[in-house]
$ cat run-v9.txt   # compact mmCIF, C-alpha atoms
# COMPACT_ATOMS: atom_id res chain seq x y z
CA MET W 1 1.46 135.84 -195.53
CA THR W 2 4.98 136.18 -194.26
CA SER W 3 5.90 139.24 -192.28
CA LEU W 4 9.35 140.11 -191.10
CA LEU W 5 8.14 142.08 -188.12
CA SER W 6 4.75 142.34 -186.51
CA PHE W 7 3.45 144.19 -183.47
CA GLY W 8 0.01 143.37 -182.09
CA GLN W 9 -1.59 145.73 -179.57
CA VAL W 10 1.81 146.59 -178.15
CA ALA W 11 2.23 148.94 -175.21
CA LEU W 12 5.58 150.15 -173.96
CA SER W 13 6.44 152.35 -171.02
CA ARG W 14 9.84 153.57 -169.93
CA GLY W 15 10.62 154.94 -166.51
CA GLY W 16 6.94 154.94 -165.52
CA ARG W 17 5.89 156.93 -168.61
CA LEU W 18 3.69 155.32 -171.24
CA LEU W 19 5.31 155.85 -174.65
CA PHE W 20 2.66 154.20 -176.78
CA GLU W 21 -0.10 151.61 -176.52
CA ASP W 22 -2.28 149.55 -178.87
CA LEU W 23 0.40 149.82 -181.53
CA ASP W 24 -0.15 147.54 -184.51
CA LEU W 25 2.44 147.12 -187.21
CA THR W 26 3.17 144.57 -189.90
CA LEU W 27 6.18 144.70 -192.12
CA ALA W 28 6.23 142.54 -195.24
CA PRO W 29 9.32 141.84 -197.37
CA GLY W 30 10.25 144.89 -199.44
CA GLU W 31 8.48 147.31 -197.13
CA ALA W 32 10.01 150.22 -195.24
CA ILE W 33 8.62 152.22 -192.37
CA GLN W 34 9.91 155.52 -191.10
CA VAL W 35 9.14 156.24 -187.46
CA THR W 36 8.94 159.96 -186.79
CA GLY W 37 8.06 162.07 -183.80
CA PRO W 38 9.52 164.71 -181.51
CA ASN W 39 12.47 164.06 -179.18
CA GLY W 40 11.50 161.70 -176.41
CA SER W 41 8.46 160.29 -178.21
CA GLY W 42 9.88 156.76 -178.11
CA LYS W 43 11.41 156.30 -181.56
CA SER W 44 14.58 154.69 -180.25
CA SER W 45 12.63 152.65 -177.72
CA LEU W 46 10.43 151.33 -180.53
CA ILE W 47 13.54 150.31 -182.47
CA ARG W 48 15.00 148.57 -179.42
CA LEU W 49 11.68 146.88 -178.75
CA ALA W 50 11.58 145.64 -182.34
CA ALA W 51 15.13 144.31 -181.84
CA GLY W 52 14.10 142.43 -178.69
CA LEU W 53 16.41 144.50 -176.49
CA LEU W 54 13.42 145.87 -174.60
CA ARG W 55 10.35 143.99 -173.49
CA GLN W 56 6.84 145.24 -174.20
CA ASP W 57 4.44 145.77 -171.30
CA ARG W 58 1.49 144.34 -173.23
CA GLY W 59 0.82 142.82 -176.63
CA HIS W 60 3.00 140.56 -178.71
CA VAL W 61 5.92 141.04 -181.07
CA THR W 62 7.25 138.59 -183.63
CA ARG W 63 10.43 139.25 -185.53
CA SER W 64 12.69 137.57 -188.05
CA GLY W 65 16.48 137.72 -188.22
CA LEU W 66 17.52 141.33 -187.90
CA ALA W 67 20.42 143.73 -187.76
CA LEU W 68 20.56 146.95 -185.77
CA ALA W 69 22.46 150.18 -186.41
CA ASP W 70 22.22 152.75 -183.65
CA ASP W 71 24.57 155.27 -182.09
CA ASN W 72 26.75 152.54 -180.60
CA LEU W 73 29.65 151.59 -182.81
CA ALA W 74 30.23 148.12 -181.29
CA LEU W 75 33.52 147.71 -183.17
CA ASP W 76 36.86 147.03 -181.47
CA ARG W 77 38.69 150.35 -181.65
CA GLU W 78 42.21 148.94 -181.73
CA LEU W 79 41.52 146.79 -184.80
CA ALA W 80 41.67 147.72 -188.46
CA LEU W 81 38.18 148.39 -189.82
CA ARG W 82 38.05 145.27 -191.99
CA ARG W 83 38.94 142.96 -189.09
CA ALA W 84 36.60 144.74 -186.68
CA LEU W 85 33.68 144.42 -189.11
CA GLY W 86 34.67 140.82 -189.81
CA PHE W 87 33.69 139.88 -186.26
CA TRP W 88 30.06 140.65 -187.08
CA ALA W 89 29.55 140.55 -190.83
CA THR W 90 30.35 138.08 -193.58
CA GLU W 91 30.44 140.12 -196.80
CA VAL W 92 32.83 142.66 -195.31
CA ASP W 93 34.50 144.07 -198.43
CA GLN W 94 31.24 144.36 -200.32
CA ALA W 95 29.64 146.09 -197.32
CA MET W 96 32.53 148.54 -196.92
CA ASN W 97 32.39 149.44 -200.60
CA ALA W 98 28.63 149.95 -200.45
CA ALA W 99 29.08 152.35 -197.54
CA GLY W 100 31.96 154.09 -199.31
CA ILE W 101 34.58 153.20 -196.71
CA GLY W 102 36.43 150.55 -198.70
CA HIS W 103 39.57 152.70 -198.73
CA LEU W 104 39.58 152.73 -194.91
CA ALA W 105 39.80 148.94 -194.56
CA ASP W 106 43.24 149.03 -192.91
CA VAL W 107 42.64 152.10 -190.76
CA PRO W 108 42.17 151.44 -187.02
CA VAL W 109 38.58 152.02 -185.95
CA ARG W 110 39.60 154.54 -183.27
CA LEU W 111 40.85 156.93 -185.99
CA LEU W 112 37.54 157.08 -187.87
CA SER W 113 35.60 160.35 -187.88
CA SER W 114 32.03 160.28 -186.60
CA GLY W 115 30.66 160.21 -190.14
CA GLN W 116 32.97 157.37 -191.10
CA ALA W 117 32.00 155.53 -187.93
CA LYS W 118 28.34 155.93 -188.84
CA ARG W 119 29.05 154.47 -192.26
CA ALA W 120 30.84 151.59 -190.52
CA THR W 121 27.72 150.78 -188.46
CA LEU W 122 25.67 150.86 -191.69
CA ALA W 123 28.23 148.57 -193.32
CA ARG W 124 27.86 146.17 -190.36
CA VAL W 125 24.13 146.03 -191.03
CA PHE W 126 24.60 145.72 -194.79
CA GLY W 127 27.04 142.84 -194.37
CA SER W 128 24.92 140.99 -191.82
CA GLY W 129 22.69 139.31 -194.39
CA ALA W 130 19.70 139.81 -192.06
CA PRO W 131 16.31 140.34 -193.78
CA LEU W 132 15.18 143.04 -191.34
CA TRP W 133 17.19 146.23 -190.78
CA LEU W 134 16.53 148.46 -187.80
CA LEU W 135 18.12 151.88 -188.24
CA ASP W 136 18.09 154.38 -185.40
CA GLU W 137 18.77 157.90 -186.70
CA PRO W 138 20.70 156.61 -189.73
CA LEU W 139 21.31 160.12 -191.09
CA ASN W 140 23.16 161.37 -188.00
CA ALA W 141 26.67 162.53 -188.91
CA LEU W 142 26.29 161.43 -192.55
CA ASP W 143 27.35 163.83 -195.30
CA VAL W 144 25.58 164.24 -198.65
CA GLU W 145 27.53 161.40 -200.23
CA GLY W 146 26.89 159.15 -197.21
CA THR W 147 23.17 159.88 -197.37
CA ARG W 148 23.12 158.99 -201.07
CA ARG W 149 24.93 155.73 -200.44
CA LEU W 150 22.51 154.89 -197.62
CA SER W 151 19.56 155.35 -200.03
CA VAL W 152 21.25 153.04 -202.53
CA MET W 153 21.86 150.41 -199.84
CA ILE W 154 18.25 150.68 -198.69
CA GLU W 155 16.88 150.35 -202.27
CA GLN W 156 19.10 147.34 -202.88
CA HIS W 157 17.99 145.69 -199.63
CA ARG W 158 14.30 146.25 -200.35
CA ALA W 159 14.64 145.02 -203.91
CA GLY W 160 16.14 141.85 -202.49
CA GLY W 161 13.08 141.24 -200.29
CA GLY W 162 14.37 142.89 -197.15
CA ALA W 163 12.43 145.22 -194.88
CA ILE W 164 13.49 148.29 -192.91
CA VAL W 165 12.35 150.23 -189.90
CA ALA W 166 14.11 153.57 -189.57
CA ALA W 167 13.66 156.09 -186.80
CA SER W 168 14.46 159.59 -187.95
CA HIS W 169 12.97 163.04 -187.67
CA GLN W 170 14.58 164.05 -190.93
CA PRO W 171 12.98 163.06 -194.23
CA LEU W 172 14.47 159.96 -195.86
CA ALA W 173 14.81 159.59 -199.62
CA GLY W 174 12.57 157.07 -201.34
CA ASP W 175 9.18 155.58 -200.68
CA TRP W 176 8.47 155.13 -196.95
CA ARG W 177 5.38 154.41 -194.92
CA VAL W 178 5.44 157.01 -192.16
CA MET W 179 4.39 156.26 -188.63
CA GLU W 180 4.22 159.17 -186.22
CA LEU W 181 4.71 158.70 -182.50
CA GLY W 182 3.55 161.05 -179.76
CA GLY W 183 1.63 163.19 -182.25
CA MET F 184 30.19 132.59 -181.74
CA ILE F 185 31.23 131.61 -178.19
CA ALA F 186 34.70 130.61 -179.41
CA ALA F 187 34.98 133.85 -181.42
CA LEU F 188 34.03 135.91 -178.37
CA ILE F 189 36.52 134.06 -176.14
CA GLY F 190 39.25 134.65 -178.73
CA ARG F 191 38.37 138.33 -179.04
CA ASP F 192 38.36 138.92 -175.29
CA ILE F 193 41.70 137.14 -174.83
CA ARG F 194 43.23 139.19 -177.64
CA ARG F 195 41.93 142.39 -176.08
CA ALA F 196 43.15 141.41 -172.62
CA PHE F 197 46.68 140.59 -173.74
CA GLY F 198 46.75 143.61 -176.04
CA GLY F 199 45.62 145.80 -173.17
CA GLY F 200 46.23 145.47 -169.47
CA ALA F 201 46.58 141.73 -168.75
CA TRP F 202 49.98 142.31 -167.13
CA LEU F 203 48.65 145.02 -164.77
CA PRO F 204 47.01 142.75 -162.16
CA VAL F 205 50.11 140.56 -162.20
CA ALA F 206 52.43 143.53 -161.63
CA PHE F 207 50.10 144.62 -158.83
CA PHE F 208 50.23 141.11 -157.34
CA LEU F 209 54.03 141.15 -157.29
CA LEU F 210 54.08 144.64 -155.87
CA ILE F 211 51.93 143.62 -152.91
CA ALA F 212 54.08 140.54 -152.34
CA ALA F 213 57.14 142.83 -152.40
CA LEU F 214 55.57 145.20 -149.85
CA MET F 215 55.13 142.43 -147.27
CA PRO F 216 58.82 142.23 -146.19
CA PHE F 217 58.80 146.00 -145.77
CA ALA F 218 55.66 145.89 -143.62
CA ILE F 219 56.50 142.77 -141.58
CA GLY F 220 60.27 143.06 -141.44
CA PRO F 221 62.93 140.88 -143.06
CA ASP F 222 62.54 137.93 -140.67
CA ALA F 223 62.70 135.00 -143.08
CA HIS F 224 61.05 132.59 -140.64
CA LEU F 225 58.07 134.86 -140.02
CA LEU F 226 57.74 135.70 -143.73
CA SER F 227 57.70 132.06 -144.76
CA ARG F 228 54.97 131.37 -142.19
CA ILE F 229 52.66 134.07 -143.53
CA GLY F 230 53.77 133.62 -147.16
CA SER F 231 50.82 131.62 -148.42
CA GLY F 232 48.27 133.95 -146.84
CA ALA F 233 50.11 136.99 -148.16
CA LEU F 234 50.04 135.60 -151.70
CA TRP F 235 46.30 135.05 -151.36
CA ILE F 236 45.72 138.63 -150.24
CA ALA F 237 47.81 139.79 -153.17
CA ALA F 238 45.79 137.59 -155.55
CA LEU F 239 42.47 138.93 -154.26
CA THR F 240 43.46 142.55 -154.62
CA ALA F 241 44.94 141.86 -158.04
CA ALA F 242 41.64 140.25 -159.09
CA LEU F 243 39.89 143.54 -158.34
CA LEU F 244 41.84 145.59 -160.85
CA PRO F 245 40.28 144.36 -164.12
CA VAL F 246 36.67 144.20 -162.83
CA GLU F 247 35.65 147.54 -164.31
CA ARG F 248 36.93 146.58 -167.75
CA LEU F 249 35.23 143.18 -168.00
CA ILE F 250 31.67 144.20 -168.91
CA GLU F 251 31.27 147.97 -168.88
CA PRO F 252 33.17 148.90 -172.08
CA ASP F 253 31.18 146.33 -174.08
CA ARG F 254 27.91 147.47 -172.56
CA ALA F 255 28.60 151.14 -173.25
CA ASP F 256 29.68 150.47 -176.83
CA GLY F 257 26.69 148.28 -177.73
CA VAL F 258 28.73 145.10 -178.14
CA LEU F 259 26.51 143.22 -175.66
CA ASP F 260 23.44 144.30 -177.67
CA GLN F 261 24.97 143.11 -180.93
CA LEU F 262 25.99 139.76 -179.40
CA PHE F 263 22.41 139.30 -178.23
CA LEU F 264 21.11 140.17 -181.72
CA HIS F 265 23.50 137.57 -183.15
CA GLY F 266 21.61 135.01 -181.13
CA MET F 267 23.86 134.65 -178.09
CA ALA F 268 22.07 134.21 -174.77
CA GLU F 269 23.37 136.49 -172.03
CA GLU F 270 24.43 133.38 -170.12
CA SER F 271 26.64 132.29 -173.03
CA ILE F 272 28.13 135.78 -173.27
CA ALA F 273 28.94 135.70 -169.56
CA PHE F 274 30.37 132.19 -169.79
CA ALA F 275 32.62 133.13 -172.72
CA LYS F 276 33.82 136.20 -170.86
CA ILE F 277 34.59 134.16 -167.73
CA VAL F 278 36.67 131.68 -169.74
CA ALA F 279 38.54 134.50 -171.50
CA HIS F 280 39.12 136.35 -168.24
CA TRP F 281 40.45 133.24 -166.50
CA ILE F 282 42.84 132.52 -169.39
CA SER F 283 44.21 136.06 -169.39
CA PHE F 284 44.45 136.27 -165.61
CA ALA F 285 45.20 132.94 -163.94
CA PRO F 286 48.24 131.56 -165.82
CA LEU F 287 50.11 134.86 -165.46
CA LEU F 288 49.21 134.92 -161.77
CA LEU F 289 50.46 131.35 -161.27
CA ILE F 290 53.75 132.28 -162.91
CA ALA F 291 54.06 135.47 -160.87
CA ALA F 292 53.52 133.45 -157.67
CA ILE F 293 56.99 131.93 -158.20
CA PRO F 294 58.95 135.21 -157.84
CA GLY F 295 56.35 136.19 -155.23
CA SER F 296 57.25 133.15 -153.13
CA VAL F 297 60.94 134.10 -153.31
CA LEU F 298 60.12 137.58 -152.00
CA LEU F 299 58.36 135.94 -149.06
CA SER F 300 61.07 133.34 -148.34
CA MET F 301 58.66 130.47 -148.96
CA ASP F 302 60.07 126.98 -149.45
CA GLY F 303 59.27 124.73 -152.41
CA ASN F 304 56.62 122.76 -150.56
CA SER F 305 54.49 125.69 -149.51
CA LEU F 306 54.91 127.25 -152.97
CA ALA F 307 53.61 124.05 -154.57
CA GLN F 308 50.69 123.97 -152.18
CA THR F 309 49.84 127.63 -152.80
CA GLU F 310 50.08 127.13 -156.58
CA ARG F 311 47.65 124.22 -156.38
CA ALA F 312 45.29 126.26 -154.23
CA LEU F 313 45.48 129.23 -156.64
CA LEU F 314 44.86 126.93 -159.61
CA VAL F 315 41.72 125.60 -157.97
CA GLY F 316 40.59 128.97 -156.67
CA THR F 317 41.17 131.22 -159.68
CA PRO F 318 38.17 129.97 -161.74
CA GLY F 319 35.94 130.98 -158.84
CA LEU F 320 37.76 134.27 -158.48
CA ALA F 321 37.51 135.03 -162.22
CA SER F 322 33.78 134.15 -162.22
CA LEU F 323 33.15 136.32 -159.20
CA ALA F 324 35.02 139.22 -160.81
CA LEU F 325 32.92 138.93 -163.95
CA ALA F 326 29.61 138.70 -162.08
CA ILE F 327 30.54 141.75 -159.99
CA GLY F 328 31.65 143.55 -163.15
CA ALA F 329 28.22 142.91 -164.68
CA VAL F 330 26.32 143.92 -161.55
CA THR F 331 28.20 147.21 -161.26
CA ALA F 332 28.34 148.00 -165.01
CA GLY F 333 27.17 151.50 -165.77
CA LEU F 334 27.07 152.63 -162.15
CA PRO F 335 29.00 155.67 -160.97
CA ARG F 336 32.04 154.79 -158.84
CA ALA F 337 31.68 151.19 -160.00
CA GLY F 338 35.30 150.42 -159.12
CA SER F 339 34.98 151.13 -155.40
CA LEU F 340 31.62 149.42 -155.23
CA ALA F 341 33.08 146.37 -156.95
CA GLY F 342 35.73 146.12 -154.24
CA LEU F 343 33.12 146.27 -151.50
CA LEU F 344 31.14 143.49 -153.19
CA LEU F 345 33.95 141.24 -154.34
CA LEU F 346 36.20 141.02 -151.31
CA PRO F 347 33.56 139.78 -148.80
CA LEU F 348 32.23 137.25 -151.31
CA ALA F 349 35.76 135.97 -151.86
CA VAL F 350 36.27 135.25 -148.14
CA PRO F 351 35.31 131.53 -148.36
CA LEU F 352 37.83 131.06 -151.17
CA LEU F 353 40.45 132.84 -149.07
CA ILE F 354 39.76 130.77 -145.94
CA PHE F 355 39.85 127.38 -147.62
CA GLY F 356 42.56 128.33 -150.09
CA ALA F 357 45.00 129.71 -147.54
CA ALA F 358 44.29 126.83 -145.14
CA GLY F 359 44.96 124.26 -147.86
CA ALA F 360 41.49 122.71 -147.48
CA MET F 361 41.43 121.69 -151.12
CA PRO F 362 38.03 119.89 -151.38
CA LEU F 363 36.21 122.75 -149.67
CA GLU F 364 38.02 125.33 -151.76
CA ALA F 365 37.15 123.39 -154.91
CA ALA F 366 33.50 123.26 -153.84
CA VAL F 367 33.36 127.03 -153.32
CA SER F 368 35.16 127.67 -156.61
CA LEU F 369 32.77 125.36 -158.44
CA LEU F 370 29.76 127.05 -156.89
CA LEU F 371 30.99 130.50 -157.92
CA THR F 372 31.84 129.32 -161.44
CA ALA F 373 28.46 127.65 -161.90
CA GLY F 374 26.46 130.55 -160.51
CA ALA F 375 28.29 133.51 -162.01
CA PRO F 376 27.04 133.20 -165.62
CA PHE F 377 23.44 133.39 -164.42
CA VAL F 378 24.06 136.30 -162.08
CA ALA F 379 25.97 138.17 -164.80
CA ALA F 380 23.27 137.40 -167.40
CA ALA F 381 20.53 138.75 -165.16
CA ALA F 382 22.58 141.87 -164.52
CA ILE F 383 23.25 142.38 -168.25
CA ARG F 384 19.51 142.12 -168.98
CA ALA F 385 18.62 144.45 -166.13
CA CYS F 386 21.02 147.23 -167.14
CA ARG F 387 19.78 147.25 -170.74
CA THR F 388 18.02 150.49 -171.53

$ encode --input "run-v9.txt" --output "structure tokens"
Amino acid sequence: MTSLLSFGQVALSRGGRLLFEDLDLTLAPGEAIQVTGPNGSGKSSLIRLAAGLLRQDRGHVTRSGLALADDNLALDRELALRRALGFWATEVDQAMNAAGIGHLADVPVRLLSSGQAKRATLARVFGSGAPLWLLDEPLNALDVEGTRRLSVMIEQHRAGGGAIVAASHQPLAGDWRVMELGG
Amino acid sequence: MIAALIGRDIRRAFGGGAWLPVAFFLLIAALMPFAIGPDAHLLSRIGSGALWIAALTAALLPVERLIEPDRADGVLDQLFLHGMAEESIAFAKIVAHWISFAPLLLIAAIPGSVLLSMDGNSLAQTERALLVGTPGLASLALAIGAVTAGLPRAGSLAGLLLLPLAVPLLIFGAAGAMPLEAAVSLLLTAGAPFVAAAAIRACRT
């Protein structure tokens, strides 16, 4: 069976504090997992571990091609949005329209509001073509319309055989497997 | 991806502060006659060394902007997720930094030599030495930028780290010992991507 992400007996500690251990997780195409838990329980660290940006203390992690959206914008602020996204993504116009920021294509990134910037990071993920999406607090700064568009993007991605791990303490629309940390 | 990153960094450098180190370089060269006095003979004797001091201090200016903004904004993370090894990221950034720093410096050395009453011969020799030395200087600046990224008072710390490490370049460059200068420059250029890559990995949180 093909899995897009798998954790086997993974332990992770940060700053001398054990966040979790013996964590097992398999994510097949079309699946979505929501990681919940109180502040400081390791949701973001789990996302960064899944991305390969952190190293586990024990256990093994395998991952497929992935895209990450977190609080960092990672877009050149002096460029127009379309050009800035074009550095990372291929289907830029389609991604901007899906996130509802198509009309901002020629606006410099530094002028975007925080909600628009959040949509831009989601558009970067949408346009990446990666099968696995890692979303860290995807609902932060999103308005009602942004939240709706995110659900549509997620449904579309899952229908196309993609998988998602999202860390959020707010409920996400749709059908998610919930994994609670630090409970 | 390496070519795209080099192009992006060059665009950002020339769109931002690429002229600042060069203006600083010329300013230091212009201060020398005020500090030493207008004795043309004396100035021309110290000219080459003075240009080197000016180049070293000018190389310090951009250090804080080489790695830290991209680290803080998650660009380094995204590059890694797009399959670039940290060593490749560092290499691309060294190339881009050299391109946006060295040619302008070599051009600015011409008016600088006039300010210091240098003759054509010693200007040509200094230009050759700067051409050979600047890859090492750019690599060193990038490695120091990576090591100090995210630290408080990174700018001052970078000066304390960079200037002593640049002493071999200064000695051989100002003395016109071209093979030795080239060896030092090569060593710095070859080592810097690995130092910077280790630093980028270590400061990831």

$ interface_residues --input "run-v9.txt" --of "chain W" --to "chain F" --cutoff "7 Å" --atoms "only C-alpha atoms" --output "list in words"
Asn72, Leu73 and Ala74 of chain W

$ residues_near_point --input "run-v9.txt" --point "(11.7, 159.7, -201.8)" --cutoff "12 Å" --atoms "only C-alpha atoms" --output "mmCIF file with C-alpha atoms, in the frame of the given file"
data_model
loop_
_atom_site.group_PDB
_atom_site.id
_atom_site.type_symbol
_atom_site.label_atom_id
_atom_site.label_comp_id
_atom_site.auth_asym_id
_atom_site.auth_seq_id
_atom_site.Cartn_x
_atom_site.Cartn_y
_atom_site.Cartn_z
ATOM 1 C CA ALA W 32 10.010 150.220 -195.240
ATOM 2 C CA GLN W 34 9.910 155.520 -191.100
ATOM 3 C CA ARG W 148 23.120 158.990 -201.070
ATOM 4 C CA SER W 151 19.560 155.350 -200.030
ATOM 5 C CA VAL W 152 21.250 153.040 -202.530
ATOM 6 C CA ILE W 154 18.250 150.680 -198.690
ATOM 7 C CA GLU W 155 16.880 150.350 -202.270
ATOM 8 C CA PRO W 171 12.980 163.060 -194.230
ATOM 9 C CA LEU W 172 14.470 159.960 -195.860
ATOM 10 C CA ALA W 173 14.810 159.590 -199.620
ATOM 11 C CA GLY W 174 12.570 157.070 -201.340
ATOM 12 C CA ASP W 175 9.180 155.580 -200.680
ATOM 13 C CA TRP W 176 8.470 155.130 -196.950
ATOM 14 C CA ARG W 177 5.380 154.410 -194.920
ATOM 15 C CA VAL W 178 5.440 157.010 -192.160
#

$ residues_around --input "run-v9.txt" --residues "range 161-168 of chain W" --least-positions-apart "2" --cutoff "9 Å" --atoms "all atoms listed in the file" --output "NGL selection string"
:W and (4-5 or 27-37 or 43-44 or 46-47 or 50 or 130-140 or 154 or 156-159 or 170-172)

$ write_last_selection --input "run-v9.txt" --atoms "C-alpha atoms" --output "short mmCIF file (atom, residue, chain, number, x, y, z; two decimals), in the coordinates of the input"
data_model
loop_
_atom_site.label_atom_id
_atom_site.label_comp_id
_atom_site.auth_asym_id
_atom_site.auth_seq_id
_atom_site.Cartn_x
_atom_site.Cartn_y
_atom_site.Cartn_z
CA LEU W 4 9.35 140.11 -191.10
CA LEU W 5 8.14 142.08 -188.12
CA LEU W 27 6.18 144.70 -192.12
CA ALA W 28 6.23 142.54 -195.24
CA PRO W 29 9.32 141.84 -197.37
CA GLY W 30 10.25 144.89 -199.44
CA GLU W 31 8.48 147.31 -197.13
CA ALA W 32 10.01 150.22 -195.24
CA ILE W 33 8.62 152.22 -192.37
CA GLN W 34 9.91 155.52 -191.10
CA VAL W 35 9.14 156.24 -187.46
CA THR W 36 8.94 159.96 -186.79
CA GLY W 37 8.06 162.07 -183.80
CA LYS W 43 11.41 156.30 -181.56
CA SER W 44 14.58 154.69 -180.25
CA LEU W 46 10.43 151.33 -180.53
CA ILE W 47 13.54 150.31 -182.47
CA ALA W 50 11.58 145.64 -182.34
CA ALA W 130 19.70 139.81 -192.06
CA PRO W 131 16.31 140.34 -193.78
CA LEU W 132 15.18 143.04 -191.34
CA TRP W 133 17.19 146.23 -190.78
CA LEU W 134 16.53 148.46 -187.80
CA LEU W 135 18.12 151.88 -188.24
CA ASP W 136 18.09 154.38 -185.40
CA GLU W 137 18.77 157.90 -186.70
CA PRO W 138 20.70 156.61 -189.73
CA LEU W 139 21.31 160.12 -191.09
CA ASN W 140 23.16 161.37 -188.00
CA ILE W 154 18.25 150.68 -198.69
CA GLN W 156 19.10 147.34 -202.88
CA HIS W 157 17.99 145.69 -199.63
CA ARG W 158 14.30 146.25 -200.35
CA ALA W 159 14.64 145.02 -203.91
CA GLN W 170 14.58 164.05 -190.93
CA PRO W 171 12.98 163.06 -194.23
CA LEU W 172 14.47 159.96 -195.86
#

$ atom_distance --input "run-v9.txt" --atom1 "CA of Val378 in chain F" --atom2 "CA of Ala241 in chain F"
22.0 Å

$ residues_around --input "run-v9.txt" --residues "range 94-111 of chain W" --least-positions-apart "4" --cutoff "10 Å" --atoms "only C-alpha atoms" --output "CSV table (one decimal) with C-alpha atoms, in the frame of the given file"
chain,number,residue,atom,x,y,z
W,73,LEU,CA,29.6,151.6,-182.8
W,75,LEU,CA,33.5,147.7,-183.2
W,76,ASP,CA,36.9,147.0,-181.5
W,77,ARG,CA,38.7,150.4,-181.6
W,78,GLU,CA,42.2,148.9,-181.7
W,79,LEU,CA,41.5,146.8,-184.8
W,80,ALA,CA,41.7,147.7,-188.5
W,81,LEU,CA,38.2,148.4,-189.8
W,82,ARG,CA,38.0,145.3,-192.0
W,83,ARG,CA,38.9,143.0,-189.1
W,84,ALA,CA,36.6,144.7,-186.7
W,85,LEU,CA,33.7,144.4,-189.1
W,89,ALA,CA,29.6,140.6,-190.8
W,90,THR,CA,30.4,138.1,-193.6
W,116,GLN,CA,33.0,157.4,-191.1
W,117,ALA,CA,32.0,155.5,-187.9
W,118,LYS,CA,28.3,155.9,-188.8
W,119,ARG,CA,29.0,154.5,-192.3
W,120,ALA,CA,30.8,151.6,-190.5
W,121,THR,CA,27.7,150.8,-188.5
W,122,LEU,CA,25.7,150.9,-191.7
W,123,ALA,CA,28.2,148.6,-193.3
W,124,ARG,CA,27.9,146.2,-190.4
W,125,VAL,CA,24.1,146.0,-191.0
W,126,PHE,CA,24.6,145.7,-194.8
W,127,GLY,CA,27.0,142.8,-194.4
W,128,SER,CA,24.9,141.0,-191.8
W,145,GLU,CA,27.5,161.4,-200.2
W,146,GLY,CA,26.9,159.2,-197.2
W,147,THR,CA,23.2,159.9,-197.4
W,148,ARG,CA,23.1,159.0,-201.1
W,149,ARG,CA,24.9,155.7,-200.4
W,150,LEU,CA,22.5,154.9,-197.6
W,152,VAL,CA,21.2,153.0,-202.5
W,153,MET,CA,21.9,150.4,-199.8

$ residues_near_point --input "run-v9.txt" --point "(29.8, 146.5, -163.8)" --cutoff "7 Å" --atoms "only C-alpha atoms" --output "list in words"
Glu247, Ile250, Glu251, Ile327, Gly328, Ala329, Val330, Thr331, Ala332, Gly333, Leu334 and Ala337 of chain F

$ residues_around --input "run-v9.txt" --residues "range 234-237 of chain F" --least-positions-apart "2" --cutoff "9 Å" --atoms "only C-alpha atoms" --output "MDAnalysis selection string"
chainID F and resid 207:212 229:232 239:242 292 295:296 299 309 313 353 356:357

$ residues_around --input "run-v9.txt" --residues "Ala223 in chain F" --least-positions-apart "2" --cutoff "8 Å" --atoms "only C-alpha atoms" --output "list in words"
Pro221, Leu225, Leu226, Ser227, Leu299 and Ser300 of chain F

$ atom_distance --input "run-v9.txt" --atom1 "CA of Pro38 in chain W" --atom2 "CA of Asp22 in chain W"
19.4 Å

$ atom_distance --input "run-v9.txt" --atom1 "CA of Leu340 in chain F" --atom2 "CA of Cys386 in chain F"
16.1 Å
